[in-house]
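Have a look at the structure below, then the notes.
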Amino acid sequence: MQPAIVHGGIVAVYWPSGTNTLSHVSPIAMDEIASKRESGLRPGESDGADTTRAVALSGVATMAPVKIAGIGQAGKSSQELKALHGLRFFAAFCILFSHACSWLANFKDSKAIYSFGDIFTVFGMTLFFVLSGFVIHYNYSRLFSTMRPRWAIVEFLGARFARIYPLFICFFLVGLAVDEVLLWYPDHKLNLLLVLGHYLTLTQSWTYIVLYGDRGLVNGPFGLSWSLSTEFFFYLSYVVLVLHITRLRSFFGLLVTAGAMSVLVLVVFIYARAHREAIDAFGGHYMNDHFGLSDRSVFWWFFYYSPYGRVFEFILGCLTAQLYALLAEHPVSPREARWGRILLGSSLAFLGLYALAYHFAPFGQVIQALIEFLKLNFGCAVAIAAVIFCVSRYPSSAFALMLSTPLMVALGDLSYSIYAAHTWTLRIFERPETDFSIGRAWEAIFRIVLAIALTIILSTATFRLIEVPARSWLRKSVARHLLRRFGPREANMLSKAQVYSLRFEIAVGVLFVVMIGTMLVYQFQLVPHFSPYTR
């Protein structure tokens with residue numbers, strides 16, 4: 001048996017000829033290795049657990065690799081695309097900084113600091129969702145291409161559950177206490193039941209429910225977890241979409257698909273914005289929407305919070321990953337590198353100009369309304385996808401090198417903890433609304449800096465004490481379940497001649513449609529009966 005070198009989620013098996021071939025390793029099997037990297041240990045070092053045993057438990061065999069469809073054999077693990085870590089931190093920082101400016105600089109007669117922070121809202125969530133699609137497809141398309149459906153689905157959903165749920169449940173419990181939700185029980189039993197049911201199943205952003213006053217379901221305890229609910233919907237969607245995206249093996253075909261989808265989404269969204277009054281009327285009549293133009297309305301929920309309006313950002317990320325994978329086997333020529341720099345520069349310039357246009361409103365009321373609306377969802381998605389592609393494909397560019405520094409990589413690892421923790425750390429520094437003065441402005445800036453620093457410190461603790469150990473334990477549990485239920489990993493691998501059956505693809509598609517249909521029935525047949533009890 002020849003030695004195997006581990007790179008993130010891939011094993012490079014070195015054969016006597018001197019060439020190396022890449023063979024997929026389960027993200028679950030690689031969890032212990034990833035945990036050691038996160039804790040500062042090299043894969044060969046021991047921290048009380050045996051990496052070899054963990055890999056063997058998942059049924060990983062260093063056999064002659066099988067040529068597969070999907071991510072190219074010459075591709076790297078997303079752990080080695082270091083610039084993506086920097087982008088993850090930038091996305092988290094945009095949200096952290098914008099919230100810090102809006103929550104901590106709440107002056108009655110000045111919006112200067114608030115407006116500066118608000119510029120960064122242009123990028124945050126869209127970058128998270130597009131980047132999520134890229135990373136998910138890049139890491140898991142090979143899993144679905146090489147393993148039997150039952151194994152692939154369980155491993156994928158188990159790994160994603162282990163990624164987001166432990167930290168979510170910790171901060172959800174904090175929200176129950178801090179927001180006094182459990183005190184609803186005497187007077188709002190149904191509200192408490194709805195909150196617990198939807199949040200614990202991560203479906204709080206899937207449906208529009210007004211609890212009472214100006215509080216909607218997505219504004220419950222740990223309100224920022226709406227994005228985790230939306231992300232969970234993306235994971236279920238990916239099970240349906242992965243094989244179709246993987247079959248797109250033409251560079252031109254991928255560009256046409258991504259371009260056509262982007263144009264169609266933008267046209268539909270612009271049409272919806274032009275007919276907002278009709279949507280508001282529909283929401284008021286059928287969905288108990290009495291919030292008008294506020295961010296608690298049905299319109300805002302559908303196009304910002306709900307997965308139904310945001311899933312296209314995730315799909316665009318998946319298509320971008322497939323495009324990158326098709327080119328991964330081919331070296332970058334000098335001509336391509338020049339065009340890559342032009343594309344990266346143009347995309348960054350577009351994002352900067354979009355943020356400035358959003359802030360300064362130079363194009364008139366109609367155009368400004370569209371800019372503000374598309375900022376909520378797909379407005380910057382194409383440019384962000386281009387940036388992700390460029391920093392992955394051209395890692396020697398100055399921008400990619402900046403994102404790939406050890407500090408940015410380390411901060412990128414903290415991005416989820418930063419996002420989850422900041423809603424609580426910022427509250428410590430909140431002050432009552434007051435009049436603006438130079439001295440109070442500097443005091444607000446001081447509180448913003450301290451709040452950001454405290455958030456990063458606390459996020460380091462939650463990452464090391466909650467995220468890493470909980471993810472490792474859950475992924476090992478999933479690996480043990482897979483071994484007991486389906487046997488060793490190599491026994492569940494597809495051979496070269498095997499493909500997923502049409503029956504399976506139809507069944508998965510039908511189940512997804514049934515899920516959407518069930519949510520529609522719930523939204524329009526059951527939720528209206530809650531209104532007399534939740535108002």
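Every chain in the structure tokens has a letter given in the order shown (A, B, ...), and although residue numbers restart at 1 in each chain, ligands are simply numbered from 1 in the order shown.
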
Residues near Ser396 in chain A, cut-off 12 Å, only C-alpha atoms, skip fewer than 3 positions along chain, as JSON, numbers by chain: {"A": [81, 82, 83, 332, 337, 338, 340, 341, 390, 391, 392, 393, 399, 400, 401, 402, 403, 404, 405]}

If you run DSSP on this backbone, which residues of range 283-339 of chain A come out as helix (DSSP H, G or I), and could you give them as a tab-separated table (two decimals) with N, CA and C atoms, in the first residue's frame?
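What ended up in out_28.tsv:
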```tsv
chain	number	residue	atom	x	y	z
A	283	GLY	N	-50.90	39.84	0.58
A	283	GLY	CA	-50.42	39.50	1.92
A	283	GLY	C	-51.38	39.94	3.01
A	284	GLY	N	-51.95	41.11	2.85
A	284	GLY	CA	-52.90	41.59	3.85
A	284	GLY	C	-54.17	40.77	3.89
A	285	HIS	N	-54.60	40.28	2.73
A	285	HIS	CA	-55.87	39.55	2.66
A	285	HIS	C	-55.71	38.09	3.08
A	286	TYR	N	-54.62	37.45	2.66
A	286	TYR	CA	-54.47	36.01	2.86
A	286	TYR	C	-53.44	35.62	3.93
A	298	VAL	N	-45.03	40.79	4.25
A	298	VAL	CA	-44.92	39.61	3.40
A	298	VAL	C	-43.92	39.85	2.28
A	299	PHE	N	-43.97	41.03	1.69
A	299	PHE	CA	-43.05	41.35	0.58
A	299	PHE	C	-41.60	41.20	1.02
A	300	TRP	N	-41.29	41.82	2.15
A	300	TRP	CA	-39.91	41.76	2.65
A	300	TRP	C	-39.56	40.33	3.02
A	301	TRP	N	-40.48	39.62	3.68
A	301	TRP	CA	-40.21	38.23	4.07
A	301	TRP	C	-39.87	37.37	2.85
A	302	PHE	N	-40.68	37.47	1.80
A	302	PHE	CA	-40.48	36.58	0.66
A	302	PHE	C	-39.16	36.87	-0.06
A	303	PHE	N	-38.83	38.14	-0.23
A	303	PHE	CA	-37.66	38.48	-1.04
A	303	PHE	C	-36.39	38.65	-0.23
A	304	TYR	N	-36.46	38.61	1.08
A	304	TYR	CA	-35.24	38.71	1.88
A	304	TYR	C	-35.04	37.50	2.79
A	305	TYR	N	-36.04	37.16	3.59
A	305	TYR	CA	-35.87	36.11	4.57
A	305	TYR	C	-36.11	34.70	4.00
A	307	PRO	N	-36.50	31.20	1.93
A	307	PRO	CA	-35.61	30.48	1.00
A	307	PRO	C	-36.11	30.50	-0.43
A	308	TYR	N	-37.40	30.76	-0.62
A	308	TYR	CA	-37.96	30.72	-1.98
A	308	TYR	C	-37.44	31.88	-2.83
A	309	GLY	N	-37.13	33.00	-2.21
A	309	GLY	CA	-36.57	34.11	-2.95
A	309	GLY	C	-35.05	34.13	-2.99
A	310	ARG	N	-34.40	33.35	-2.08
A	310	ARG	CA	-32.95	33.40	-1.98
A	310	ARG	C	-32.25	32.18	-2.56
A	311	VAL	N	-32.98	31.13	-2.91
A	311	VAL	CA	-32.36	29.89	-3.35
A	311	VAL	C	-31.57	30.06	-4.64
A	312	PHE	N	-31.91	31.07	-5.43
A	312	PHE	CA	-31.22	31.27	-6.71
A	312	PHE	C	-29.78	31.74	-6.50
A	313	GLU	N	-29.51	32.42	-5.40
A	313	GLU	CA	-28.13	32.79	-5.08
A	313	GLU	C	-27.31	31.52	-4.80
A	314	PHE	N	-27.89	30.60	-4.06
A	314	PHE	CA	-27.24	29.33	-3.78
A	314	PHE	C	-26.99	28.53	-5.06
A	315	ILE	N	-27.99	28.46	-5.92
A	315	ILE	CA	-27.84	27.73	-7.18
A	315	ILE	C	-26.75	28.35	-8.04
A	316	LEU	N	-26.70	29.68	-8.08
A	316	LEU	CA	-25.65	30.35	-8.84
A	316	LEU	C	-24.27	29.97	-8.31
A	317	GLY	N	-24.15	29.84	-6.98
A	317	GLY	CA	-22.88	29.40	-6.41
A	317	GLY	C	-22.54	27.98	-6.83
A	318	CYS	N	-23.53	27.10	-6.87
A	318	CYS	CA	-23.30	25.72	-7.32
A	318	CYS	C	-22.83	25.69	-8.77
A	319	LEU	N	-23.47	26.46	-9.62
A	319	LEU	CA	-23.07	26.51	-11.03
A	319	LEU	C	-21.67	27.07	-11.18
A	320	THR	N	-21.32	28.05	-10.36
A	320	THR	CA	-19.96	28.61	-10.40
A	320	THR	C	-18.93	27.56	-10.00
A	321	ALA	N	-19.26	26.75	-8.99
A	321	ALA	CA	-18.34	25.68	-8.59
A	321	ALA	C	-18.17	24.65	-9.70
A	322	GLN	N	-19.24	24.33	-10.39
A	322	GLN	CA	-19.15	23.37	-11.50
A	322	GLN	C	-18.31	23.96	-12.64
A	323	LEU	N	-18.46	25.24	-12.89
A	323	LEU	CA	-17.66	25.91	-13.91
A	323	LEU	C	-16.18	25.89	-13.53
A	324	TYR	N	-15.90	26.17	-12.27
A	324	TYR	CA	-14.51	26.13	-11.80
A	324	TYR	C	-13.94	24.72	-11.93
A	325	ALA	N	-14.75	23.72	-11.60
A	325	ALA	CA	-14.28	22.34	-11.64
A	325	ALA	C	-13.94	21.90	-13.06
A	326	LEU	N	-14.71	22.36	-14.03
A	326	LEU	CA	-14.42	21.99	-15.42
A	326	LEU	C	-13.06	22.51	-15.87
A	327	LEU	N	-12.67	23.66	-15.32
A	327	LEU	CA	-11.39	24.25	-15.73
A	327	LEU	C	-10.24	23.83	-14.84
A	328	ALA	N	-10.53	23.16	-13.71
A	328	ALA	CA	-9.50	22.87	-12.72
A	328	ALA	C	-8.40	21.98	-13.28
A	334	PRO	N	-1.23	32.48	-19.71
A	334	PRO	CA	-1.04	33.92	-19.48
A	334	PRO	C	-2.23	34.75	-20.00
A	335	ARG	N	-2.78	34.34	-21.14
A	335	ARG	CA	-3.91	35.08	-21.68
A	335	ARG	C	-5.13	34.97	-20.76
A	336	GLU	N	-5.38	33.74	-20.29
A	336	GLU	CA	-6.52	33.57	-19.37
A	336	GLU	C	-6.31	34.35	-18.08
A	337	ALA	N	-5.07	34.37	-17.58
A	337	ALA	CA	-4.77	35.11	-16.35
A	337	ALA	C	-5.07	36.59	-16.52
A	338	ARG	N	-4.74	37.15	-17.70
A	338	ARG	CA	-5.04	38.56	-17.95
A	338	ARG	C	-6.54	38.81	-17.94
A	339	TRP	N	-7.29	37.95	-18.64
A	339	TRP	CA	-8.74	38.10	-18.65
A	339	TRP	C	-9.33	37.87	-17.27
```

Selected residue, from A:Tyr212, A:Phe504, A:Tyr416, A:Phe168, that lies nearest to Phe93 in chain A when counting only C-alpha atoms: A:Tyr416

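With CA of Leu211 in chain A on one side and CA of Met287 in chain A on the other, the separation reads 12.0 Å.
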